[in-house]
Each structure stands twice: as C-alpha cells, then as structure tokens.
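> The structure under discussion is supplied below as structure tokens; questions concerning it will follow.
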Amino acid sequence: MKKIAIYPGSFDPMTNGHLDMIKRGLRMFDELIVLIAYNPHKSFLFSVDERIDLVKRVINGLDGVTVDSYSGLLVDYAKKAGATALLRGLRAVSDFEYEFQMALINRRLNRDVETVFLMTSVRWFYTSSKLIKEAASLGGSVKGLVPDLVLEKLQEKFNNR
Ligand code: PNS
C-alpha cells in the first residue's frame, strides 16, 4: 500500500526550508501532497492561486509530489486523500508548543492520521516566510533563502506597492 502524507502549511510564500522538507519527506513517503491550507490566524501576501502556482513551478520535476489547496479541516482532507500522515517541520523550540497543540487536536479529530515531524536542516533554522516577507518588504535581500522564482515574485509584489 502506498504511503501518502500531506505536507500542509500557508506557504506564503514557499521558502527553501519548505523545499528541503519536501525533498526529505519524499524519502519517507511514496506520495507527498503539498497542501495550501487555511490558517485563520494569518493574513496573506500571495493569493491561494499564486501560492499553488509558485509551489507547482518550484517542485516541477520532483516525482511523487502534488499540490492542492483546501479551506476545511486538515484531517478531513487527509481522509479523502487516503493519507495516513501529516508532515511538519520543526525549527526552534518556539515552534514546539504550537506544533504540539496542532498535532494533539488533529489526533483527537482523527486517530488514524499521525503527525510526523522533521527537524529543519540547520541552514534553514532561522528562515520563516514571515521574516522573509518582512525583510523583502523593507528592501533587504532574501536571495538564497527562497527559490529564485519566489524571489522574483517577492520583488514584483514589493516594487508594485
Ligand atoms: O504554515 P502554517 O501557517 O504554520 O500552517 C498551519 C496550518 C495551515 C497547517 C493550520 O492552520 C491548519 O491545519 N489549517 C487547516 C484547518 C485545521 O485543520 N486546523 C487544525 C485543527 S483545528
């Protein structure tokens, strides 16, 4: 039986840390669905369609990965997709409490879906979409932290403001 995992997140925008997680996730799972999921606590720079398009173009050529979006409960999507795992990346200790809470609520909502955590690669320890957007919005260089395509889109967004 195929092992399918969901890699959910806001991906606003996708970073090299996300890409690293996708590549490493593919070593453990036969199929990975990168899911642009709805986070009610955030406001977004890129539309869902823009985020899907960016992820699709960045992962182009990687076997076993697909991209989708969903505005409902993650565990419902997982059930529908036949996925048994949710993949999340952990960076600093500060991620832990939020991730622990999410893993526990998701487990309570559906006991058949496990959350699997991968520690971030040390290169991306300090990378977050939030700080990347902040730096880029103030004219700072984020080259090397995001795929080149994302870099271009960030520059377009902030130059047009
Ligand atoms: O990249 P993020 O913003 O940290 O990802 C958080 C996300 C989108 C995975 C989380 O908000 C989520 O799972 N949203 C979907 C709704 C849901 O199922 N929430 C958890 C149970 S209440």
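Chains: A, B, ... in order of the structure tokens. Residues: from 1 per chain. Ligands: from 1, in order shown.
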Skipping near chain neighbours, those fewer than 2 positions away, what residues fall within 9 Å of Ala103 (chain A) using only C-alpha atoms, listed as a list in words?
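After dropping sequence-adjacent residues, the list is Leu86, Tyr98, Glu99, Phe100, Gln101, Ile105, Asn106, Arg107, Arg108, Glu114, Thr115 and Val116 of chain A.
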> For the selection you just gave me, I'd like the residues written to a file as an mmCIF file, in the first residue's frame, keeping all heavy atoms.

```cif
data_model
loop_
_atom_site.group_PDB
_atom_site.id
_atom_site.type_symbol
_atom_site.label_atom_id
_atom_site.label_comp_id
_atom_site.auth_asym_id
_atom_site.auth_seq_id
_atom_site.Cartn_x
_atom_site.Cartn_y
_atom_site.Cartn_z
ATOM 1 N N LEU A 86 0.667 13.496 8.475
ATOM 2 C CA LEU A 86 0.814 14.937 8.231
ATOM 3 C C LEU A 86 2.271 15.248 8.522
ATOM 4 O O LEU A 86 2.770 14.902 9.601
ATOM 5 C CB LEU A 86 -0.069 15.744 9.188
ATOM 6 C CG LEU A 86 -1.564 15.417 9.205
ATOM 7 C CD1 LEU A 86 -2.257 16.169 10.351
ATOM 8 C CD2 LEU A 86 -2.200 15.812 7.867
ATOM 9 N N TYR A 98 3.151 25.288 19.609
ATOM 10 C CA TYR A 98 2.117 25.402 18.581
ATOM 11 C C TYR A 98 1.962 24.081 17.821
ATOM 12 O O TYR A 98 0.848 23.581 17.608
ATOM 13 C CB TYR A 98 2.531 26.551 17.657
ATOM 14 C CG TYR A 98 1.779 26.703 16.359
ATOM 15 C CD1 TYR A 98 0.411 26.941 16.346
ATOM 16 C CD2 TYR A 98 2.457 26.656 15.132
ATOM 17 C CE1 TYR A 98 -0.264 27.109 15.134
ATOM 18 C CE2 TYR A 98 1.799 26.824 13.926
ATOM 19 C CZ TYR A 98 0.434 27.052 13.931
ATOM 20 O OH TYR A 98 -0.231 27.220 12.752
ATOM 21 N N GLU A 99 3.079 23.484 17.471
ATOM 22 C CA GLU A 99 3.033 22.237 16.703
ATOM 23 C C GLU A 99 2.469 21.095 17.546
ATOM 24 O O GLU A 99 1.720 20.247 17.052
ATOM 25 C CB GLU A 99 4.432 21.878 16.194
ATOM 26 C CG GLU A 99 4.989 22.852 15.170
ATOM 27 C CD GLU A 99 4.169 22.899 13.870
ATOM 28 O OE1 GLU A 99 3.466 21.923 13.552
ATOM 29 O OE2 GLU A 99 4.230 23.932 13.180
ATOM 30 N N PHE A 100 2.834 21.084 18.816
ATOM 31 C CA PHE A 100 2.353 20.045 19.726
ATOM 32 C C PHE A 100 0.827 20.142 19.840
ATOM 33 O O PHE A 100 0.098 19.146 19.744
ATOM 34 C CB PHE A 100 3.038 20.238 21.090
ATOM 35 C CG PHE A 100 2.957 19.054 22.004
ATOM 36 C CD1 PHE A 100 2.583 17.799 21.544
ATOM 37 C CD2 PHE A 100 3.280 19.188 23.352
ATOM 38 C CE1 PHE A 100 2.513 16.705 22.403
ATOM 39 C CE2 PHE A 100 3.219 18.107 24.218
ATOM 40 C CZ PHE A 100 2.829 16.866 23.743
ATOM 41 N N GLN A 101 0.343 21.380 20.012
ATOM 42 C CA GLN A 101 -1.111 21.585 20.127
ATOM 43 C C GLN A 101 -1.827 21.142 18.862
ATOM 44 O O GLN A 101 -2.860 20.477 18.915
ATOM 45 C CB GLN A 101 -1.418 23.067 20.354
ATOM 46 C CG GLN A 101 -1.134 23.533 21.753
ATOM 47 C CD GLN A 101 -1.382 25.020 21.913
ATOM 48 O OE1 GLN A 101 -1.647 25.730 20.946
ATOM 49 N NE2 GLN A 101 -1.280 25.497 23.131
ATOM 50 N N ILE A 105 -4.633 18.156 18.574
ATOM 51 C CA ILE A 105 -6.027 18.376 18.144
ATOM 52 C C ILE A 105 -6.314 17.538 16.894
ATOM 53 O O ILE A 105 -7.380 16.932 16.777
ATOM 54 C CB ILE A 105 -6.367 19.879 17.944
ATOM 55 C CG1 ILE A 105 -7.862 20.095 17.646
ATOM 56 C CG2 ILE A 105 -5.605 20.538 16.841
ATOM 57 C CD1 ILE A 105 -8.722 20.196 18.839
ATOM 58 N N ASN A 106 -5.339 17.473 16.001
ATOM 59 C CA ASN A 106 -5.553 16.672 14.790
ATOM 60 C C ASN A 106 -5.705 15.191 15.136
ATOM 61 O O ASN A 106 -6.524 14.491 14.548
ATOM 62 C CB ASN A 106 -4.408 16.872 13.798
ATOM 63 C CG ASN A 106 -4.542 18.201 13.060
ATOM 64 O OD1 ASN A 106 -5.660 18.679 12.834
ATOM 65 N ND2 ASN A 106 -3.432 18.817 12.710
ATOM 66 N N ARG A 107 -4.961 14.757 16.124
ATOM 67 C CA ARG A 107 -5.058 13.350 16.536
ATOM 68 C C ARG A 107 -6.413 13.077 17.189
ATOM 69 O O ARG A 107 -7.019 12.030 17.016
ATOM 70 C CB ARG A 107 -3.928 13.044 17.510
ATOM 71 C CG ARG A 107 -3.788 11.577 17.799
ATOM 72 C CD ARG A 107 -2.397 11.315 18.359
ATOM 73 N NE ARG A 107 -2.391 10.195 19.276
ATOM 74 C CZ ARG A 107 -2.622 8.946 18.928
ATOM 75 N NH1 ARG A 107 -2.906 8.645 17.708
ATOM 76 N NH2 ARG A 107 -2.604 7.981 19.821
ATOM 77 N N ARG A 108 -6.881 14.064 17.932
ATOM 78 C CA ARG A 108 -8.194 13.913 18.558
ATOM 79 C C ARG A 108 -9.294 13.871 17.497
ATOM 80 O O ARG A 108 -10.282 13.152 17.612
ATOM 81 C CB ARG A 108 -8.409 15.098 19.509
ATOM 82 C CG ARG A 108 -9.622 14.936 20.366
ATOM 83 C CD ARG A 108 -9.929 16.222 21.104
ATOM 84 N NE ARG A 108 -11.299 16.160 21.554
ATOM 85 C CZ ARG A 108 -11.677 15.722 22.739
ATOM 86 N NH1 ARG A 108 -10.788 15.335 23.610
ATOM 87 N NH2 ARG A 108 -12.954 15.674 23.071
ATOM 88 N N GLU A 114 -1.374 10.329 11.704
ATOM 89 C CA GLU A 114 -0.277 10.687 12.610
ATOM 90 C C GLU A 114 0.452 11.926 12.104
ATOM 91 O O GLU A 114 0.626 12.080 10.891
ATOM 92 C CB GLU A 114 0.767 9.552 12.672
ATOM 93 C CG GLU A 114 0.296 8.304 13.369
ATOM 94 C CD GLU A 114 0.142 8.476 14.881
ATOM 95 O OE1 GLU A 114 0.525 9.535 15.424
ATOM 96 O OE2 GLU A 114 -0.369 7.535 15.510
ATOM 97 N N THR A 115 0.890 12.770 13.025
ATOM 98 C CA THR A 115 1.739 13.889 12.610
ATOM 99 C C THR A 115 3.196 13.462 12.745
ATOM 100 O O THR A 115 3.603 12.926 13.777
ATOM 101 C CB THR A 115 1.484 15.136 13.482
ATOM 102 O OG1 THR A 115 0.096 15.465 13.402
ATOM 103 C CG2 THR A 115 2.305 16.316 12.997
ATOM 104 N N VAL A 116 3.946 13.675 11.699
ATOM 105 C CA VAL A 116 5.371 13.306 11.686
ATOM 106 C C VAL A 116 6.192 14.586 11.586
ATOM 107 O O VAL A 116 5.942 15.416 10.706
ATOM 108 C CB VAL A 116 5.671 12.410 10.454
ATOM 109 C CG1 VAL A 116 7.155 12.117 10.329
ATOM 110 C CG2 VAL A 116 4.867 11.115 10.536
#
```
> Write out as a ChimeraX atom specification each polymer residue (protein, DNA or RNA) that has an atom no more than 8 Å from ligand 1, with only C-alpha atoms and all ligand atoms counted.
/A:8-12,36-42,70-76,102,105-106,109
> Please produce an output containing N, CA, C and O atoms for each residue in the selection, written as a PDB file, in the first residue's frame.

```
ATOM      1  N   PRO A   8       1.164  20.129   4.982  1.00  0.00           N
ATOM      2  CA  PRO A   8       0.278  21.293   4.977  1.00  0.00           C
ATOM      3  C   PRO A   8       0.975  22.560   5.448  1.00  0.00           C
ATOM      4  O   PRO A   8       1.945  22.512   6.205  1.00  0.00           O
ATOM      5  N   GLY A   9       0.464  23.688   5.020  1.00  0.00           N
ATOM      6  CA  GLY A   9       1.005  24.950   5.514  1.00  0.00           C
ATOM      7  C   GLY A   9       0.413  26.111   4.765  1.00  0.00           C
ATOM      8  O   GLY A   9      -0.442  25.932   3.890  1.00  0.00           O
ATOM      9  N   SER A  10       0.867  27.302   5.120  1.00  0.00           N
ATOM     10  CA  SER A  10       0.400  28.511   4.443  1.00  0.00           C
ATOM     11  C   SER A  10       1.214  28.774   3.179  1.00  0.00           C
ATOM     12  O   SER A  10       0.706  29.323   2.203  1.00  0.00           O
ATOM     13  N   PHE A  11       2.494  28.467   3.230  1.00  0.00           N
ATOM     14  CA  PHE A  11       3.393  28.649   2.070  1.00  0.00           C
ATOM     15  C   PHE A  11       3.248  30.050   1.468  1.00  0.00           C
ATOM     16  O   PHE A  11       3.032  30.198   0.265  1.00  0.00           O
ATOM     17  N   ASP A  12       3.345  31.044   2.331  1.00  0.00           N
ATOM     18  CA  ASP A  12       3.130  32.436   1.892  1.00  0.00           C
ATOM     19  C   ASP A  12       4.394  33.271   2.073  1.00  0.00           C
ATOM     20  O   ASP A  12       4.444  34.103   2.974  1.00  0.00           O
ATOM     21  N   ILE A  36      -1.877  23.726   0.455  1.00  0.00           N
ATOM     22  CA  ILE A  36      -2.035  25.109   0.905  1.00  0.00           C
ATOM     23  C   ILE A  36      -3.327  25.109   1.724  1.00  0.00           C
ATOM     24  O   ILE A  36      -4.429  25.035   1.166  1.00  0.00           O
ATOM     25  N   ALA A  37      -3.167  25.118   3.033  1.00  0.00           N
ATOM     26  CA  ALA A  37      -4.332  25.005   3.918  1.00  0.00           C
ATOM     27  C   ALA A  37      -4.661  26.367   4.509  1.00  0.00           C
ATOM     28  O   ALA A  37      -3.833  27.280   4.519  1.00  0.00           O
ATOM     29  N   TYR A  38      -5.880  26.478   5.013  1.00  0.00           N
ATOM     30  CA  TYR A  38      -6.335  27.767   5.527  1.00  0.00           C
ATOM     31  C   TYR A  38      -5.914  27.947   6.983  1.00  0.00           C
ATOM     32  O   TYR A  38      -6.211  27.111   7.842  1.00  0.00           O
ATOM     33  N   ASN A  39      -5.200  29.045   7.237  1.00  0.00           N
ATOM     34  CA  ASN A  39      -4.844  29.389   8.609  1.00  0.00           C
ATOM     35  C   ASN A  39      -5.577  30.681   8.971  1.00  0.00           C
ATOM     36  O   ASN A  39      -5.214  31.761   8.507  1.00  0.00           O
ATOM     37  N   PRO A  40      -6.605  30.574   9.821  1.00  0.00           N
ATOM     38  CA  PRO A  40      -7.430  31.746  10.133  1.00  0.00           C
ATOM     39  C   PRO A  40      -6.683  32.826  10.921  1.00  0.00           C
ATOM     40  O   PRO A  40      -7.167  33.942  11.065  1.00  0.00           O
ATOM     41  N   HIS A  41      -5.495  32.479  11.429  1.00  0.00           N
ATOM     42  CA  HIS A  41      -4.743  33.434  12.253  1.00  0.00           C
ATOM     43  C   HIS A  41      -3.782  34.292  11.437  1.00  0.00           C
ATOM     44  O   HIS A  41      -3.064  35.119  11.976  1.00  0.00           O
ATOM     45  N   LYS A  42      -3.764  34.077  10.133  1.00  0.00           N
ATOM     46  CA  LYS A  42      -2.790  34.809   9.312  1.00  0.00           C
ATOM     47  C   LYS A  42      -3.469  35.618   8.227  1.00  0.00           C
ATOM     48  O   LYS A  42      -4.547  35.247   7.760  1.00  0.00           O
ATOM     49  N   TYR A  70      -6.962  23.662   0.267  1.00  0.00           N
ATOM     50  CA  TYR A  70      -8.162  23.205   0.978  1.00  0.00           C
ATOM     51  C   TYR A  70      -8.505  24.227   2.051  1.00  0.00           C
ATOM     52  O   TYR A  70      -7.617  24.738   2.731  1.00  0.00           O
ATOM     53  N   SER A  71      -9.806  24.500   2.201  1.00  0.00           N
ATOM     54  CA  SER A  71     -10.173  25.509   3.199  1.00  0.00           C
ATOM     55  C   SER A  71     -10.901  24.876   4.386  1.00  0.00           C
ATOM     56  O   SER A  71     -11.449  25.589   5.221  1.00  0.00           O
ATOM     57  N   GLY A  72     -10.922  23.548   4.455  1.00  0.00           N
ATOM     58  CA  GLY A  72     -11.580  22.884   5.588  1.00  0.00           C
ATOM     59  C   GLY A  72     -10.567  22.293   6.550  1.00  0.00           C
ATOM     60  O   GLY A  72      -9.418  22.736   6.613  1.00  0.00           O
ATOM     61  N   LEU A  73     -11.020  21.306   7.307  1.00  0.00           N
ATOM     62  CA  LEU A  73     -10.148  20.649   8.292  1.00  0.00           C
ATOM     63  C   LEU A  73      -9.120  19.758   7.595  1.00  0.00           C
ATOM     64  O   LEU A  73      -9.468  18.966   6.725  1.00  0.00           O
ATOM     65  N   LEU A  74      -7.916  19.875   8.088  1.00  0.00           N
ATOM     66  CA  LEU A  74      -6.810  19.104   7.522  1.00  0.00           C
ATOM     67  C   LEU A  74      -7.070  17.596   7.556  1.00  0.00           C
ATOM     68  O   LEU A  74      -6.823  16.878   6.583  1.00  0.00           O
ATOM     69  N   VAL A  75      -7.566  17.131   8.688  1.00  0.00           N
ATOM     70  CA  VAL A  75      -7.764  15.676   8.820  1.00  0.00           C
ATOM     71  C   VAL A  75      -8.849  15.172   7.863  1.00  0.00           C
ATOM     72  O   VAL A  75      -8.814  14.023   7.425  1.00  0.00           O
ATOM     73  N   ASP A  76      -9.801  16.038   7.525  1.00  0.00           N
ATOM     74  CA  ASP A  76     -10.832  15.636   6.560  1.00  0.00           C
ATOM     75  C   ASP A  76     -10.214  15.474   5.177  1.00  0.00           C
ATOM     76  O   ASP A  76     -10.520  14.539   4.448  1.00  0.00           O
ATOM     77  N   MET A 102      -1.269  21.515  17.726  1.00  0.00           N
ATOM     78  CA  MET A 102      -1.913  21.147  16.457  1.00  0.00           C
ATOM     79  C   MET A 102      -1.917  19.629  16.266  1.00  0.00           C
ATOM     80  O   MET A 102      -2.920  19.048  15.846  1.00  0.00           O
ATOM     81  N   ILE A 105      -4.633  18.156  18.574  1.00  0.00           N
ATOM     82  CA  ILE A 105      -6.027  18.376  18.144  1.00  0.00           C
ATOM     83  C   ILE A 105      -6.314  17.538  16.894  1.00  0.00           C
ATOM     84  O   ILE A 105      -7.380  16.932  16.777  1.00  0.00           O
ATOM     85  N   ASN A 106      -5.339  17.473  16.001  1.00  0.00           N
ATOM     86  CA  ASN A 106      -5.553  16.672  14.790  1.00  0.00           C
ATOM     87  C   ASN A 106      -5.705  15.191  15.136  1.00  0.00           C
ATOM     88  O   ASN A 106      -6.524  14.491  14.548  1.00  0.00           O
ATOM     89  N   LEU A 109      -9.106  14.666  16.446  1.00  0.00           N
ATOM     90  CA  LEU A 109     -10.120  14.725  15.390  1.00  0.00           C
ATOM     91  C   LEU A 109     -10.104  13.471  14.514  1.00  0.00           C
ATOM     92  O   LEU A 109     -11.133  13.081  13.970  1.00  0.00           O
TER      93      LEU A 109
END
```
> Kindly indicate which residue among A:Ile59, A:Val146, A:Val34, A:Ala81 lies nearest to Thr127 (chain A), using only C-alpha atoms for the distances.
A:Val146
> Hey, which of A:Leu118, A:Leu145, A:Met1, A:Ala78 ends up closest to Leu90 (chain A)? Count only C-alpha atoms.
A:Leu118
> Quick one: everything within 6 Å of Leu35 (chain A), counting only C-alpha atoms, minus sequence neighbours fewer than 3 positions away in the same chain. Send it as a list in words.
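Result of the neighbour search: Tyr7, Pro8, Val67, Asp68 and Ser69 of chain A.
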> For those residues, write N, CA and C atoms to a file as a compact mmCIF listing (two decimals), in the first residue's frame.

```txt
# COMPACT_ATOMS: atom_id res chain seq x y z
N TYR A 7 1.74 17.48 3.37
CA TYR A 7 2.63 18.49 3.93
C TYR A 7 1.85 19.81 3.88
N PRO A 8 1.16 20.13 4.98
CA PRO A 8 0.28 21.29 4.98
C PRO A 8 0.98 22.56 5.45
N VAL A 67 0.35 19.23 -5.64
CA VAL A 67 -0.02 20.44 -4.87
C VAL A 67 -1.53 20.60 -4.92
N ASP A 68 -2.09 21.03 -3.81
CA ASP A 68 -3.53 21.25 -3.76
C ASP A 68 -3.81 22.33 -2.71
N SER A 69 -5.05 22.77 -2.65
CA SER A 69 -5.44 23.71 -1.58
C SER A 69 -6.73 23.22 -0.96
```
> Could you please determine the separation between CA of Asp49 (chain A) and CA of Lys3 (chain A) in Å, to one decimal place?
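If I compute the distance from CA of Asp49 (chain A) to CA of Lys3 (chain A), I get 27.1 Å.
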> Quick one: DSSP helix (DSSP H, G or I) residues in chain A, as a ChimeraX atom specification?
/A:16-28,48-59,74-81,93-109,122-124,129-137,148-159
> Which residues, written as a list of chain:residue names, have at least one atom at most 12 Å from Leu19 (chain A), with only C-alpha atoms counted and residues fewer than 6 positions away on the same chain left out?
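Within the cut-off, the hits are A:Tyr7, A:Phe11, A:Pro13, A:Gly25, A:Leu26, A:Val34, A:Leu54, A:Val55, A:Lys56, A:Arg57, A:Val58, A:Ile59, A:Asn60, A:Leu62, A:Val65, A:Gly89, A:Thr120, A:Ser121, A:Trp124, A:Thr127, A:Leu145, A:Val146, A:Pro147, A:Val150.
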> Go through chain A and collect every residue that DSSP, computed from the backbone, puts in strand (DSSP E); the answer should be as a PyMOL selection string.
chain A and resi 4-9+31-37+65-70+85-90+114-119
> CA of Ile4 (chain A) and CA of Asp30 (chain A), how far apart in Å?
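Between CA of Asp30 (chain A) and CA of Ile4 (chain A) the gap is 6.0 Å.
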> Considering only C-alpha atoms, can you say which of A:Leu87, A:Leu154, A:Glu50, A:Ala92 comes closest to Arg24 (chain A)?
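Once distances to Arg24 (chain A) are computed over only C-alpha atoms, the minimum belongs to A:Leu87.
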> Could you check how far CA of Lys80 (chain A) sits from CA of Gly64 (chain A), in Å to one decimal?
17.8 Å
> In terms of the shortest atom-to-atom distance over only C-alpha atoms, which of A:Asn16, A:Ser43, A:Asn159, A:Thr84 is closest to Glu31 (chain A)?
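Distance minimum relative to Glu31 (chain A) lands on A:Thr84.
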> Using only C-alpha atoms, which of A:Tyr77, A:Ala83, A:Gly61, A:Arg51 sits nearest Leu32 (chain A)?
A:Ala83
